[in-house]
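Just target.cif here, mmCIF, C-alpha atoms:
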```cif
data_my_file
loop_
_atom_site.label_atom_id
_atom_site.label_comp_id
_atom_site.auth_asym_id
_atom_site.auth_seq_id
_atom_site.Cartn_x
_atom_site.Cartn_y
_atom_site.Cartn_z
CA MET W 585 -25.62 -1.88 -40.49
CA SER W 586 -26.67 1.71 -41.30
CA VAL W 587 -24.10 4.51 -41.55
CA PRO W 588 -25.35 6.21 -38.34
CA MET W 589 -25.18 2.91 -36.43
CA ASP W 590 -21.72 2.18 -37.81
CA ILE W 591 -20.49 5.58 -36.61
CA ALA W 592 -22.27 5.08 -33.29
CA ARG W 593 -20.45 1.79 -32.74
CA ARG W 594 -17.06 3.31 -33.55
CA VAL W 595 -17.58 6.10 -31.04
CA ALA W 596 -19.13 3.74 -28.48
CA ASP W 597 -16.14 1.41 -28.76
CA ALA W 598 -13.93 4.40 -28.05
CA VAL W 599 -16.00 5.22 -24.97
CA LEU W 600 -15.89 1.57 -23.89
CA TYR W 601 -12.10 1.55 -23.66
CA GLU W 602 -11.48 5.07 -22.39
CA GLY W 603 -8.62 4.71 -19.92
CA HIS W 604 -8.63 0.89 -20.18
CA LEU W 605 -4.83 0.92 -19.84
CA LEU W 606 -2.55 3.95 -19.91
CA TYR W 607 0.94 4.28 -21.32
CA PRO W 608 3.37 2.60 -20.60
CA TYR W 609 0.63 -0.08 -20.62
CA ARG W 610 2.27 -2.22 -17.93
CA ALA W 611 0.56 -3.84 -14.98
CA SER W 612 3.28 -2.48 -12.67
CA ALA W 613 2.82 1.16 -13.78
CA ALA W 614 1.45 3.37 -10.99
CA LYS W 615 -1.17 4.92 -13.28
CA ASN W 616 -2.64 1.45 -13.98
CA GLN W 617 -3.24 0.56 -10.34
CA VAL W 618 -6.59 2.37 -10.19
CA ARG W 619 -8.52 1.45 -13.30
CA TRP W 620 -11.97 1.90 -14.88
CA GLN W 621 -13.00 5.43 -13.99
CA PHE W 622 -15.89 6.03 -16.42
CA GLY W 623 -19.44 4.73 -16.45
CA VAL W 624 -19.00 2.42 -13.46
CA LEU W 625 -22.35 1.19 -12.10
CA VAL W 626 -21.61 -0.53 -8.80
CA PRO W 627 -23.88 -2.83 -6.76
CA PRO W 628 -26.35 -0.73 -4.74
CA GLY W 629 -24.95 -2.06 -1.46
CA PHE W 630 -21.46 -0.69 -2.20
CA THR W 631 -21.11 2.85 -0.85
CA ALA W 632 -17.38 3.11 -0.10
CA THR W 633 -16.80 5.35 -3.14
CA ALA W 634 -18.80 8.09 -4.86
CA GLU W 635 -19.73 5.74 -7.71
CA HIS W 636 -23.40 5.09 -8.37
CA PRO W 637 -25.56 2.00 -8.96
CA ALA W 638 -27.62 3.54 -11.78
CA SER W 639 -27.72 6.07 -14.62
CA VAL W 640 -30.75 7.80 -16.12
CA THR W 641 -31.15 8.92 -19.73
CA GLU W 642 -33.97 11.22 -20.80
CA CYS W 643 -34.28 12.33 -24.42
CA LEU W 644 -36.91 13.73 -26.77
CA LEU W 645 -38.42 12.13 -29.86
CA GLU W 646 -40.23 14.05 -32.55
CA GLY W 647 -43.00 12.45 -34.62
CA ALA W 648 -42.64 9.20 -32.68
CA SER W 649 -46.23 7.95 -32.60
CA TYR W 650 -45.32 4.97 -34.80
CA ALA W 651 -41.61 4.78 -33.92
CA VAL W 652 -39.80 1.68 -32.72
CA ALA W 653 -36.82 2.12 -30.39
CA HIS W 654 -33.86 -0.23 -30.41
CA LEU W 655 -31.89 -0.05 -27.14
CA ASN W 656 -28.39 -1.46 -26.93
CA LEU W 657 -26.75 -1.49 -23.49
CA ARG W 658 -22.99 -2.04 -23.72
CA PHE W 659 -20.43 -2.40 -20.93
CA LEU W 660 -17.27 -4.16 -19.82
CA HIS W 661 -17.34 -7.13 -17.42
CA VAL W 662 -14.23 -7.52 -15.25
CA ARG W 663 -12.45 -10.86 -15.64
CA THR W 664 -10.01 -11.66 -12.86
CA ARG W 665 -6.79 -13.32 -13.96
CA GLY W 666 -4.71 -14.89 -11.20
CA VAL W 667 -1.40 -16.74 -11.42
CA GLU W 668 -0.75 -19.59 -8.99
CA ARG W 669 2.54 -21.44 -8.46
CA ALA W 670 2.48 -25.22 -8.02
CA GLU W 671 3.97 -26.49 -4.78
CA ASP W 672 3.93 -29.82 -2.95
CA ASP W 673 0.82 -28.93 -0.98
CA GLY W 674 -1.15 -27.35 -3.84
CA TYR W 675 -1.24 -24.01 -5.65
CA TRP W 676 -0.35 -20.63 -4.16
CA PRO W 677 -1.21 -17.17 -5.59
CA VAL W 678 1.76 -15.17 -6.89
CA GLN W 679 2.05 -11.85 -8.70
CA GLN W 680 4.00 -13.37 -11.57
CA LEU W 681 5.47 -16.65 -12.72
CA ARG W 682 8.30 -17.07 -15.21
CA ASN W 683 8.14 -19.94 -17.69
CA GLY W 684 10.91 -19.98 -20.26
CA HIS W 685 10.72 -16.73 -22.24
CA ARG W 686 7.24 -15.89 -21.00
CA THR W 687 6.11 -14.29 -17.74
CA TYR W 688 2.54 -14.80 -16.53
CA LEU W 689 1.09 -11.84 -14.60
CA THR W 690 -1.76 -11.51 -12.13
CA PHE W 691 -3.86 -8.69 -13.59
CA ASP W 692 -7.57 -8.17 -14.27
CA GLU W 693 -8.94 -8.10 -17.83
CA ALA W 694 -12.35 -7.12 -19.23
CA THR W 695 -14.89 -8.73 -21.54
CA GLU W 696 -17.35 -6.79 -23.69
CA ARG W 697 -21.03 -7.42 -23.01
CA GLU W 698 -24.23 -6.28 -24.70
CA ALA W 699 -27.94 -6.47 -23.98
CA GLU W 700 -30.43 -5.48 -26.66
CA VAL W 701 -34.18 -4.91 -26.72
CA THR W 702 -36.63 -3.47 -29.27
CA LEU W 703 -39.74 -1.66 -28.02
CA PRO W 704 -42.55 0.21 -29.86
CA ILE W 705 -42.84 3.75 -28.48
CA ALA W 706 -46.64 3.61 -28.61
CA GLY W 707 -46.58 0.66 -26.21
CA LEU W 708 -44.59 2.70 -23.67
CA ILE W 709 -46.73 5.85 -23.61
CA ASP W 710 -49.10 6.06 -20.65
CA ALA W 711 -48.17 2.48 -19.74
CA PRO W 712 -46.41 0.98 -16.71
CA GLU W 713 -42.64 1.12 -16.76
CA ARG W 714 -41.14 -1.74 -18.74
CA VAL W 715 -38.44 -3.67 -16.90
CA ILE W 716 -35.94 -5.66 -18.96
CA GLU W 717 -33.73 -7.88 -16.85
CA VAL W 718 -30.10 -8.37 -17.85
CA ARG W 719 -28.38 -11.51 -16.60
CA VAL W 720 -24.76 -12.36 -17.33
CA PRO W 721 -23.64 -15.75 -15.99
CA GLY W 722 -20.33 -16.24 -14.25
CA ASP W 723 -17.61 -18.67 -15.33
CA ARG W 724 -14.24 -19.97 -14.17
CA VAL W 725 -11.43 -21.27 -16.39
CA VAL W 726 -8.27 -22.98 -15.15
CA GLU W 727 -5.29 -23.35 -17.51
CA PRO W 728 -2.12 -25.24 -16.51
CA ILE W 729 1.25 -23.57 -16.98
CA VAL W 730 3.58 -26.24 -18.34
CA ALA W 731 7.37 -25.85 -18.36
CA PRO W 732 9.42 -26.91 -21.44
CA SER W 733 10.33 -30.05 -19.50
CA GLY W 734 6.65 -31.02 -19.34
CA GLU W 735 6.34 -30.29 -15.62
CA VAL W 736 3.26 -28.35 -14.47
CA ILE W 737 4.74 -25.39 -12.60
CA GLY W 738 1.56 -23.45 -12.02
CA ARG W 739 -1.81 -22.50 -13.35
CA LEU W 740 -3.74 -19.49 -14.64
CA VAL W 741 -7.19 -19.01 -13.07
CA SER W 742 -9.62 -16.66 -14.83
CA GLU W 743 -13.09 -15.88 -13.51
CA HIS W 744 -16.17 -13.76 -14.26
CA LEU W 745 -18.60 -13.24 -11.41
CA PRO W 746 -22.28 -13.21 -12.46
CA LEU W 747 -23.86 -9.80 -13.11
CA ARG W 748 -27.45 -8.69 -12.54
CA ALA W 749 -28.79 -5.48 -14.05
CA ALA W 750 -32.00 -4.00 -15.42
CA LEU W 751 -33.25 -1.54 -18.01
CA ARG W 752 -36.31 0.43 -16.87
CA VAL W 753 -37.97 2.09 -19.87
CA SER W 754 -40.89 4.51 -20.01
CA ALA W 755 -42.22 7.25 -22.27
CA GLU W 756 -44.64 10.14 -21.95
CA PRO W 757 -46.04 12.74 -24.34
CA VAL W 758 -44.77 16.28 -23.85
CA PRO W 759 -47.63 18.76 -23.45
CA GLY W 760 -47.90 21.20 -26.34
CA PRO W 761 -48.48 21.30 -30.10
CA TYR W 762 -45.20 19.78 -31.27
CA ASP W 763 -45.82 16.00 -31.10
CA LEU W 764 -42.89 15.33 -28.77
CA VAL W 765 -42.36 12.25 -26.63
CA LYS W 766 -39.92 12.03 -23.71
CA LEU W 767 -38.15 8.66 -23.55
CA ARG W 768 -36.65 7.66 -20.21
CA VAL W 769 -34.22 4.76 -19.69
CA ARG W 770 -32.78 3.89 -16.30
CA VAL W 771 -29.85 1.47 -16.29
CA GLU W 772 -29.23 -0.04 -12.88
CA ASN W 773 -27.05 -2.62 -11.23
CA THR W 774 -29.37 -4.91 -9.27
CA ASP W 775 -26.76 -7.16 -7.65
CA GLY W 776 -27.70 -8.02 -4.07
CA TRP W 777 -24.08 -8.33 -2.88
CA GLN W 778 -23.39 -7.09 0.65
CA PRO W 779 -19.83 -5.71 0.65
CA LEU W 780 -19.16 -5.64 4.43
CA GLY W 781 -16.18 -3.33 4.01
CA ALA W 782 -14.86 -4.96 0.83
CA PRO W 783 -12.48 -2.85 -1.32
CA ARG W 784 -13.36 -1.29 -4.66
CA GLU W 785 -11.54 -4.04 -6.56
CA GLN W 786 -14.14 -6.55 -5.37
CA ALA W 787 -17.02 -4.22 -6.22
CA LEU W 788 -15.69 -3.77 -9.77
CA ARG W 789 -16.04 -7.49 -10.38
CA ARG W 790 -19.78 -7.10 -9.81
CA SER W 791 -20.11 -3.79 -11.70
CA LEU W 792 -20.98 -2.61 -15.19
CA ILE W 793 -17.85 -0.82 -16.45
CA SER W 794 -17.95 1.97 -19.08
CA ALA W 795 -21.70 1.43 -19.32
CA HIS W 796 -23.43 3.33 -22.13
CA LEU W 797 -26.53 3.14 -24.31
CA ILE W 798 -27.01 3.32 -28.06
CA ILE W 799 -30.64 4.20 -28.85
CA ALA W 800 -31.85 4.04 -32.46
CA VAL W 801 -35.34 4.78 -33.75
CA ASN W 802 -37.23 4.44 -37.00
CA ALA W 803 -40.33 6.43 -37.98
CA GLY W 804 -39.19 9.23 -35.67
CA THR W 805 -36.23 11.50 -34.91
CA PHE W 806 -34.39 12.69 -31.81
CA VAL W 807 -34.16 16.34 -30.76
CA SER W 808 -30.65 17.56 -29.94
CA LEU W 809 -30.28 18.22 -26.21
CA LEU W 810 -27.20 20.37 -26.80
CA ASP W 811 -28.45 22.59 -29.63
CA PRO W 812 -32.25 22.25 -29.83
CA PRO W 813 -34.50 24.39 -32.02
CA GLU W 814 -36.06 27.27 -30.10
CA TRP W 815 -39.51 25.71 -30.13
CA ALA W 816 -38.15 22.57 -28.37
CA ARG W 817 -35.96 24.34 -25.80
CA PRO W 818 -38.57 24.40 -22.98
CA ALA W 819 -39.10 20.65 -23.40
CA VAL W 820 -35.35 20.00 -23.48
CA GLU W 821 -34.96 21.85 -20.19
CA THR W 822 -37.26 19.30 -18.53
CA CYS W 823 -34.96 16.38 -19.46
CA ARG W 824 -32.93 15.19 -16.50
CA ASN W 825 -29.90 13.01 -17.15
CA GLU W 826 -28.04 11.35 -14.30
CA HIS W 827 -24.41 10.26 -14.72
CA THR W 828 -24.71 10.18 -18.51
CA TRP W 829 -24.61 12.55 -21.49
CA PRO W 830 -26.86 11.88 -24.51
CA VAL W 831 -25.71 13.17 -27.92
CA LEU W 832 -26.76 12.64 -31.53
CA VAL W 833 -24.54 10.19 -33.41
CA GLY W 834 -24.06 9.69 -37.14
CA GLU W 835 -23.32 12.04 -39.99
CA PRO W 836 -24.31 15.68 -39.36
CA GLY W 837 -28.00 16.09 -40.10
CA HIS W 838 -28.94 12.57 -39.05
CA ARG W 839 -31.15 12.38 -35.95
CA ASP W 840 -32.14 8.73 -35.69
CA VAL W 841 -29.36 7.47 -33.37
CA MET W 842 -28.35 8.73 -29.94
CA LEU W 843 -25.41 7.71 -27.75
CA SER W 844 -25.84 8.15 -24.01
CA SER W 845 -22.23 8.35 -22.90
CA PRO W 846 -20.55 8.42 -19.46
CA ILE W 847 -18.13 11.07 -20.79
CA ILE W 848 -19.05 14.46 -22.26
CA LEU W 849 -19.29 14.57 -26.06
CA TYR W 850 -20.79 16.91 -28.63
CA ASP W 851 -23.38 15.99 -31.22
CA HIS W 852 -22.20 13.88 -34.18
CA PRO W 853 -18.78 12.76 -32.85
CA ASP W 854 -16.68 10.48 -35.03
CA ILE W 855 -13.25 8.86 -35.07
CA THR W 856 -10.60 10.78 -36.98
CA PRO W 857 -9.39 8.83 -40.03
CA GLU W 858 -5.78 9.40 -38.94
CA SER W 859 -6.27 7.47 -35.70
CA PRO W 860 -4.30 4.21 -36.03
CA GLY W 861 -6.26 2.23 -33.45
CA PRO W 862 -6.88 1.90 -29.70
CA LEU W 863 -4.32 3.71 -27.54
CA PHE W 864 -6.66 3.94 -24.51
CA ASP W 865 -5.51 7.42 -23.45
CA SER W 866 -7.50 10.57 -22.76
CA THR W 867 -5.77 13.30 -24.76
CA GLU W 868 -5.26 13.86 -28.46
CA ILE W 869 -1.69 12.55 -28.55
CA ASP W 870 -1.72 9.70 -31.05
CA GLU W 871 1.66 10.57 -32.52
CA MET W 872 3.39 10.92 -29.15
CA LEU W 873 1.92 7.66 -27.82
CA HIS W 874 2.94 5.90 -31.03
CA LEU W 875 6.55 7.11 -30.75
CA ARG W 876 6.77 6.45 -27.02
CA THR W 877 5.45 2.92 -27.49
CA LEU W 878 8.07 2.30 -30.17
CA THR W 879 10.79 3.32 -27.71
CA LEU W 880 9.64 1.21 -24.76
CA PRO W 881 12.78 -0.31 -23.20
CA GLY W 882 13.36 -3.85 -24.40
CA GLU W 883 12.98 -5.35 -20.95
CA LYS W 884 9.64 -3.54 -20.43
CA THR W 885 7.93 -4.57 -23.67
CA PRO W 886 7.39 -8.22 -22.64
CA GLU W 887 5.64 -7.07 -19.45
CA ALA W 888 3.38 -4.76 -21.45
CA ARG W 889 2.52 -7.62 -23.82
CA GLU W 890 1.66 -9.93 -20.94
CA THR W 891 -0.41 -7.28 -19.16
CA ASP W 892 -3.38 -7.48 -21.53
CA PRO W 893 -4.05 -9.10 -24.94
CA ARG W 894 -5.19 -5.73 -26.31
CA VAL W 895 -1.86 -4.19 -25.34
CA ALA W 896 -0.07 -6.91 -27.29
CA GLU W 897 -2.22 -6.01 -30.31
CA LEU W 898 -1.42 -2.32 -29.75
CA ILE W 899 2.33 -2.98 -29.72
CA ASP W 900 2.07 -5.04 -32.91
CA MET W 901 0.01 -2.28 -34.55
CA VAL W 902 2.53 0.41 -33.63
CA GLY W 903 5.51 -1.67 -34.75
CA SER W 904 4.03 -2.52 -38.14
CA MET W 905 2.67 0.91 -39.10
CA PRO W 906 4.01 2.00 -42.52
CA PRO W 907 5.66 5.45 -42.81
CA GLU W 908 2.83 6.94 -44.86
CA LEU W 909 0.34 6.22 -42.06
CA LEU W 910 2.71 7.56 -39.44
CA GLU W 911 3.00 10.82 -41.39
CA ARG W 912 -0.79 11.22 -41.18
CA LEU W 913 -0.54 11.42 -37.38
CA HIS W 914 1.58 14.56 -37.63
CA GLY W 915 -1.39 16.82 -38.34
CA ALA W 916 -4.39 17.42 -40.55
CA ILE W 917 -6.46 20.40 -41.68
CA ARG W 918 -10.16 19.79 -41.14
CA SER W 919 -11.61 23.01 -42.50
CA VAL W 920 -10.36 26.30 -43.93
CA GLU W 921 -13.74 28.02 -43.55
CA PRO W 922 -13.70 31.10 -41.29
CA VAL W 923 -15.51 30.85 -37.98
CA GLU W 924 -18.05 33.62 -37.44
CA PRO W 925 -17.85 35.36 -34.05
CA ALA W 926 -20.68 34.61 -31.67
CA GLU W 927 -23.38 37.26 -31.46
CA GLY W 928 -22.28 40.04 -29.16
CA ALA W 929 -18.63 38.91 -29.14
CA ALA W 930 -15.70 41.26 -29.62
CA GLU W 931 -14.29 41.53 -33.14
CA ASP W 932 -10.98 40.00 -32.15
CA GLY W 933 -12.56 36.65 -31.30
CA PRO W 934 -15.58 34.91 -29.82
CA THR W 935 -16.31 34.89 -26.14
CA GLY W 936 -18.15 32.40 -24.00
CA HIS W 937 -17.38 28.87 -22.93
CA GLY W 938 -18.78 26.66 -25.70
CA PRO W 939 -17.40 25.81 -29.14
CA PRO W 940 -17.96 28.53 -31.82
CA GLY W 941 -21.47 28.50 -33.23
CA ARG W 942 -22.97 26.44 -30.41
CA ARG W 943 -24.69 27.27 -27.20
CA SER W 944 -23.17 26.00 -24.00
CA ALA W 945 -24.34 22.50 -23.13
CA PRO W 946 -26.86 22.23 -20.29
CA GLU W 947 -25.55 21.02 -16.97
CA PRO W 948 -26.64 17.46 -16.16
CA THR W 949 -28.96 17.15 -13.17
CA THR W 950 -29.91 14.26 -10.97
CA ASP W 951 -33.23 12.50 -10.51
CA PRO W 952 -33.51 10.33 -7.37
CA ALA W 953 -35.41 8.18 -8.65
CA ALA W 954 -39.93 -7.88 -14.61
CA GLU W 955 -40.37 -8.42 -17.65
CA PRO W 956 -37.85 -10.54 -19.65
CA ALA W 957 -37.28 -9.45 -23.25
CA THR W 958 -35.07 -10.49 -26.09
CA GLU W 959 -31.47 -9.72 -25.22
CA SER W 960 -28.05 -10.81 -26.29
CA THR W 961 -24.89 -10.79 -24.24
CA THR W 962 -21.85 -11.23 -26.42
CA GLN W 963 -18.12 -10.76 -26.46
CA ARG W 964 -16.92 -8.46 -29.21
CA SER W 965 -13.61 -7.40 -30.71
CA ALA W 966 -11.51 -4.57 -29.31
CA ALA W 967 -12.47 -0.97 -30.03
CA GLU W 968 -10.98 0.95 -32.95
CA GLY W 969 -9.96 3.93 -30.83
CA SER W 970 -9.97 5.11 -27.23
CA ALA W 971 -12.57 7.49 -25.87
CA ARG W 972 -12.72 11.09 -26.96
CA GLY W 973 -14.89 14.11 -26.50
CA PRO W 974 -14.75 16.07 -29.74
CA ARG W 975 -15.22 19.63 -30.73
CA HIS W 976 -18.23 19.80 -32.98
CA ASP W 977 -16.30 20.99 -36.03
CA ARG W 978 -13.81 18.14 -36.53
CA PRO W 979 -13.48 14.37 -36.10
CA LEU W 980 -12.03 12.87 -32.95
CA GLY W 981 -8.35 12.24 -32.45
CA ASP W 982 -7.47 8.96 -30.72
CA GLY W 983 -8.02 9.40 -27.02
CA GLU W 984 -9.34 12.94 -27.17
CA ALA W 985 -11.63 13.65 -24.20
CA GLY W 986 -13.78 16.68 -23.65
CA ALA W 987 -14.00 18.47 -20.34
#
```
Take the structure in the file and write it out as structure tokens.
Amino acid sequence: MSVPMDIARRVADAVLYEGHLLYPYRASAAKNQVRWQFGVLVPPGFTATAEHPASVTECLLEGASYAVAHLNLRFLHVRTRGVERAEDDGYWPVQQLRNGHRTYLTFDEATEREAEVTLPIAGLIDAPERVIEVRVPGDRVVEPIVAPSGEVIGRLVSEHLPLRAALRVSAEPVPGPYDLVKLRVRVENTDGWQPLGAPREQALRRSLISAHLIIAVNAGTFVSLLDPPEWARPAVETCRNEHTWPVLVGEPGHRDVMLSSPIILYDHPDITPESPGPLFDSTEIDEMLHLRTLTLPGEKTPEARETDPRVAELIDMVGSMPPELLERLHGAIRSVEPVEPAEGAAEDGPTGHGPPGRRSAPEPTTDPAAEPATESTTQRSAAEGSARGPRHDRPLGDGEAGA
């Protein structure tokens, strides 16, 4: 894996688990009753909330006549987990079931999914829109809950509902002398479910959660949409992005990988080396979350562990962190270079609304807007950090989100 792609995956994993579970990480916590707030693509028939069935990414490629684009759609797939108690006449749903020292909880989980496709840019220009279908099969797993005596006292029922989605990809040359190509990717939920007044929880089981795109190219480079060169600015202003925010990813200076994120980021985000791992929160408070997790009341820790396997890993990570790593969370100096005031700013400090040295990011706008291809849908390991939106001049702290 290239360095830009490695960085892109780290940041994308952070986006994937933004807000997955919030401290105190328990199923019973009020803040964990309404989950999955970012990048939710619902079935088109579900209109009970303001969430949308599709996102649109438009970006610019320079010198892309012979480029090949690799598109990687990533999202979470809700997995229901229900606990049922055994009784004489069968099994009955319950919120929790105690078995010895363990308590089984009814609480939804999530599985990572991916769909990948590689397309030559030349084959997209002045050609019909390419449609890549994404199909994720459903499954149902039943596990008995056996007491120490050997008696079956209940069962755990886990289920994925099937998902249907599509990538619609097209490209067009940008008029002018600069050899620019506009790449357009629409990600849409194509599930035909008719909700008939169903609640959001049911729609989430048929939705793409934290959906985002990683787009990599060879034999071509992307143009920054946040800080383009002056000659490309008119073309950048024609790009319309709906419910997503494309940024360059990789080391500064690299322009061959772009992350289209459901949360606002700046170009070249990365995970701060001090971040210990996934804390799933949306502010730069690694040290506080670490200390608060260490001091969870003894009777609450088992519930947090049983809420989600990733929470159990988080608690183990926090409890086993050596002192020298904990000290790194206390603070770090990224740069001692002075920041030049923005042009026209007062001498006592820069003015304006963007980070120093950058123009304000353009506001996203909306665009109202089958051919099978190679794809892979896989389950991957947990992310290394929770989602952040960095300033451009430093790495990301765990859970730092931009506004």
Of the listed residues W:Gly837, W:Pro746, W:Pro846, W:Gly738, that which approaches Thr774 in chain W most closely, counting only C-alpha atoms: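 Among the listed residues, W:Pro746 lies closest to Thr774 in chain W.
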Written as an MDAnalysis selection string, what is the full residue list that the PyMOL selection byres ((chain W and resi 646) around 10) yields on the file shown? chainID W and resid 644:645 647:649 651 762:766 803:807 816 839
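Take the candidates W:Gln621, W:Leu747, W:Leu655, W:His604 and check each one against Arg894 in chain W using only C-alpha atoms; the shortest distance goes to W:His604.
Within 6 Å of range 850-853 of chain W, once all atoms listed in the file are used and residues closer than 3 positions along the same chain are dropped, the contacting residues are Val831, Leu832, Val833, Gly834, Pro836 and His976 of chain W.
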Surrounding residues of Leu792 in chain W excluding itself and chain neighbours under 3 positions, 6 Å, only C-alpha atoms, as a PyMOL selection string: chain W and resi 624-625+659+795
Taking a cut-off of 7 Å and counting all atoms listed in the file, can you build a table that, for each residue of range 744-832 of chain W near range 628-641 of chain W, reports the nearest atom pair and how far apart they are in Å (one decimal), sorted by chain then residue number, as a Markdown table?
```
| residue | atom | partner | partner_atom | distance |
| --- | --- | --- | --- | --- |
| W:Arg768 | CA | W:Thr641 | CA | 5.7 |
| W:Val769 | CA | W:Thr641 | CA | 5.2 |
| W:Arg770 | CA | W:Val640 | CA | 4.4 |
| W:Val771 | CA | W:Ser639 | CA | 5.3 |
| W:Glu772 | CA | W:Ala638 | CA | 4.1 |
| W:Asn773 | CA | W:Pro637 | CA | 5.4 |
| W:Thr774 | CA | W:Pro628 | CA | 6.9 |
| W:Trp777 | CA | W:Gly629 | CA | 6.5 |
| W:Gln778 | CA | W:Gly629 | CA | 5.7 |
| W:Pro779 | CA | W:Phe630 | CA | 6.0 |
| W:Ala787 | CA | W:Phe630 | CA | 7.0 |
| W:Asn825 | CA | W:Thr641 | CA | 5.0 |
| W:Glu826 | CA | W:Val640 | CA | 4.8 |
| W:His827 | CA | W:Ser639 | CA | 5.3 |
| W:Thr828 | CA | W:Ser639 | CA | 6.4 |
```
To one decimal in Å, tell me the separation between CA of Thr664 in chain W and CA of Val730 in chain W.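 If I compute the distance from CA of Thr664 in chain W to CA of Val730 in chain W, I get 20.7 Å.
Closest approach to Val741 in chain W among W:Pro712, W:Pro588, W:Pro812, W:Pro677 is made by W:Pro677 (distances from all atoms listed in the file).
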Which residue gives the smallest distance to Leu703 in chain W among W:Arg752, W:Arg739, W:Arg686, W:His661, with only C-alpha atoms counted?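 Checking each of W:Arg752, W:Arg739, W:Arg686, W:His661 against Leu703 in chain W, counting only C-alpha atoms, the winner is W:Arg752.
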Once you've located range 803-815 of chain W in the structure I gave, write it as a PDB file, in the first residue's frame, keeping N, CA, C and O atoms.
```pdb
ATOM      1  N   ALA W 803      -1.126   8.342 -13.176  1.00  0.00           N
ATOM      2  CA  ALA W 803      -0.983   9.083 -14.433  1.00  0.00           C
ATOM      3  C   ALA W 803      -1.881  10.316 -14.461  1.00  0.00           C
ATOM      4  O   ALA W 803      -2.396  10.709 -15.504  1.00  0.00           O
ATOM      5  N   GLY W 804      -2.073  10.940 -13.335  1.00  0.00           N
ATOM      6  CA  GLY W 804      -2.877  12.148 -13.224  1.00  0.00           C
ATOM      7  C   GLY W 804      -2.858  12.632 -11.791  1.00  0.00           C
ATOM      8  O   GLY W 804      -2.412  11.913 -10.886  1.00  0.00           O
ATOM      9  N   THR W 805      -3.320  13.854 -11.545  1.00  0.00           N
ATOM     10  CA  THR W 805      -3.352  14.406 -10.192  1.00  0.00           C
ATOM     11  C   THR W 805      -4.661  15.153  -9.981  1.00  0.00           C
ATOM     12  O   THR W 805      -5.273  15.661 -10.931  1.00  0.00           O
ATOM     13  N   PHE W 806      -5.092  15.223  -8.717  1.00  0.00           N
ATOM     14  CA  PHE W 806      -6.278  15.979  -8.355  1.00  0.00           C
ATOM     15  C   PHE W 806      -5.914  17.451  -8.151  1.00  0.00           C
ATOM     16  O   PHE W 806      -4.787  17.790  -7.796  1.00  0.00           O
ATOM     17  N   VAL W 807      -6.898  18.308  -8.332  1.00  0.00           N
ATOM     18  CA  VAL W 807      -6.785  19.728  -8.003  1.00  0.00           C
ATOM     19  C   VAL W 807      -7.490  19.952  -6.670  1.00  0.00           C
ATOM     20  O   VAL W 807      -8.618  19.479  -6.476  1.00  0.00           O
ATOM     21  N   SER W 808      -6.847  20.638  -5.751  1.00  0.00           N
ATOM     22  CA  SER W 808      -7.484  20.937  -4.470  1.00  0.00           C
ATOM     23  C   SER W 808      -8.736  21.766  -4.690  1.00  0.00           C
ATOM     24  O   SER W 808      -8.725  22.776  -5.403  1.00  0.00           O
ATOM     25  N   LEU W 809      -9.841  21.355  -4.068  1.00  0.00           N
ATOM     26  CA  LEU W 809     -11.076  22.126  -4.126  1.00  0.00           C
ATOM     27  C   LEU W 809     -11.124  23.205  -3.050  1.00  0.00           C
ATOM     28  O   LEU W 809     -11.932  24.132  -3.130  1.00  0.00           O
ATOM     29  N   LEU W 810     -10.261  23.085  -2.044  1.00  0.00           N
ATOM     30  CA  LEU W 810     -10.236  24.062  -0.956  1.00  0.00           C
ATOM     31  C   LEU W 810      -9.252  25.192  -1.219  1.00  0.00           C
ATOM     32  O   LEU W 810      -9.485  26.338  -0.828  1.00  0.00           O
ATOM     33  N   ASP W 811      -8.127  24.888  -1.858  1.00  0.00           N
ATOM     34  CA  ASP W 811      -7.086  25.882  -2.091  1.00  0.00           C
ATOM     35  C   ASP W 811      -6.520  25.692  -3.498  1.00  0.00           C
ATOM     36  O   ASP W 811      -5.348  25.350  -3.671  1.00  0.00           O
ATOM     37  N   PRO W 812      -7.334  25.905  -4.534  1.00  0.00           N
ATOM     38  CA  PRO W 812      -6.872  25.644  -5.893  1.00  0.00           C
ATOM     39  C   PRO W 812      -5.941  26.741  -6.383  1.00  0.00           C
ATOM     40  O   PRO W 812      -5.977  27.877  -5.889  1.00  0.00           O
ATOM     41  N   PRO W 813      -5.102  26.439  -7.381  1.00  0.00           N
ATOM     42  CA  PRO W 813      -4.346  27.518  -8.037  1.00  0.00           C
ATOM     43  C   PRO W 813      -5.317  28.454  -8.748  1.00  0.00           C
ATOM     44  O   PRO W 813      -6.432  28.062  -9.116  1.00  0.00           O
ATOM     45  N   GLU W 814      -4.892  29.703  -8.942  1.00  0.00           N
ATOM     46  CA  GLU W 814      -5.795  30.701  -9.513  1.00  0.00           C
ATOM     47  C   GLU W 814      -6.328  30.276 -10.871  1.00  0.00           C
ATOM     48  O   GLU W 814      -7.496  30.501 -11.191  1.00  0.00           O
ATOM     49  N   TRP W 815      -5.484  29.629 -11.683  1.00  0.00           N
ATOM     50  CA  TRP W 815      -5.930  29.267 -13.026  1.00  0.00           C
ATOM     51  C   TRP W 815      -7.052  28.229 -13.003  1.00  0.00           C
ATOM     52  O   TRP W 815      -7.824  28.120 -13.955  1.00  0.00           O
TER      53      TRP W 815
END
```
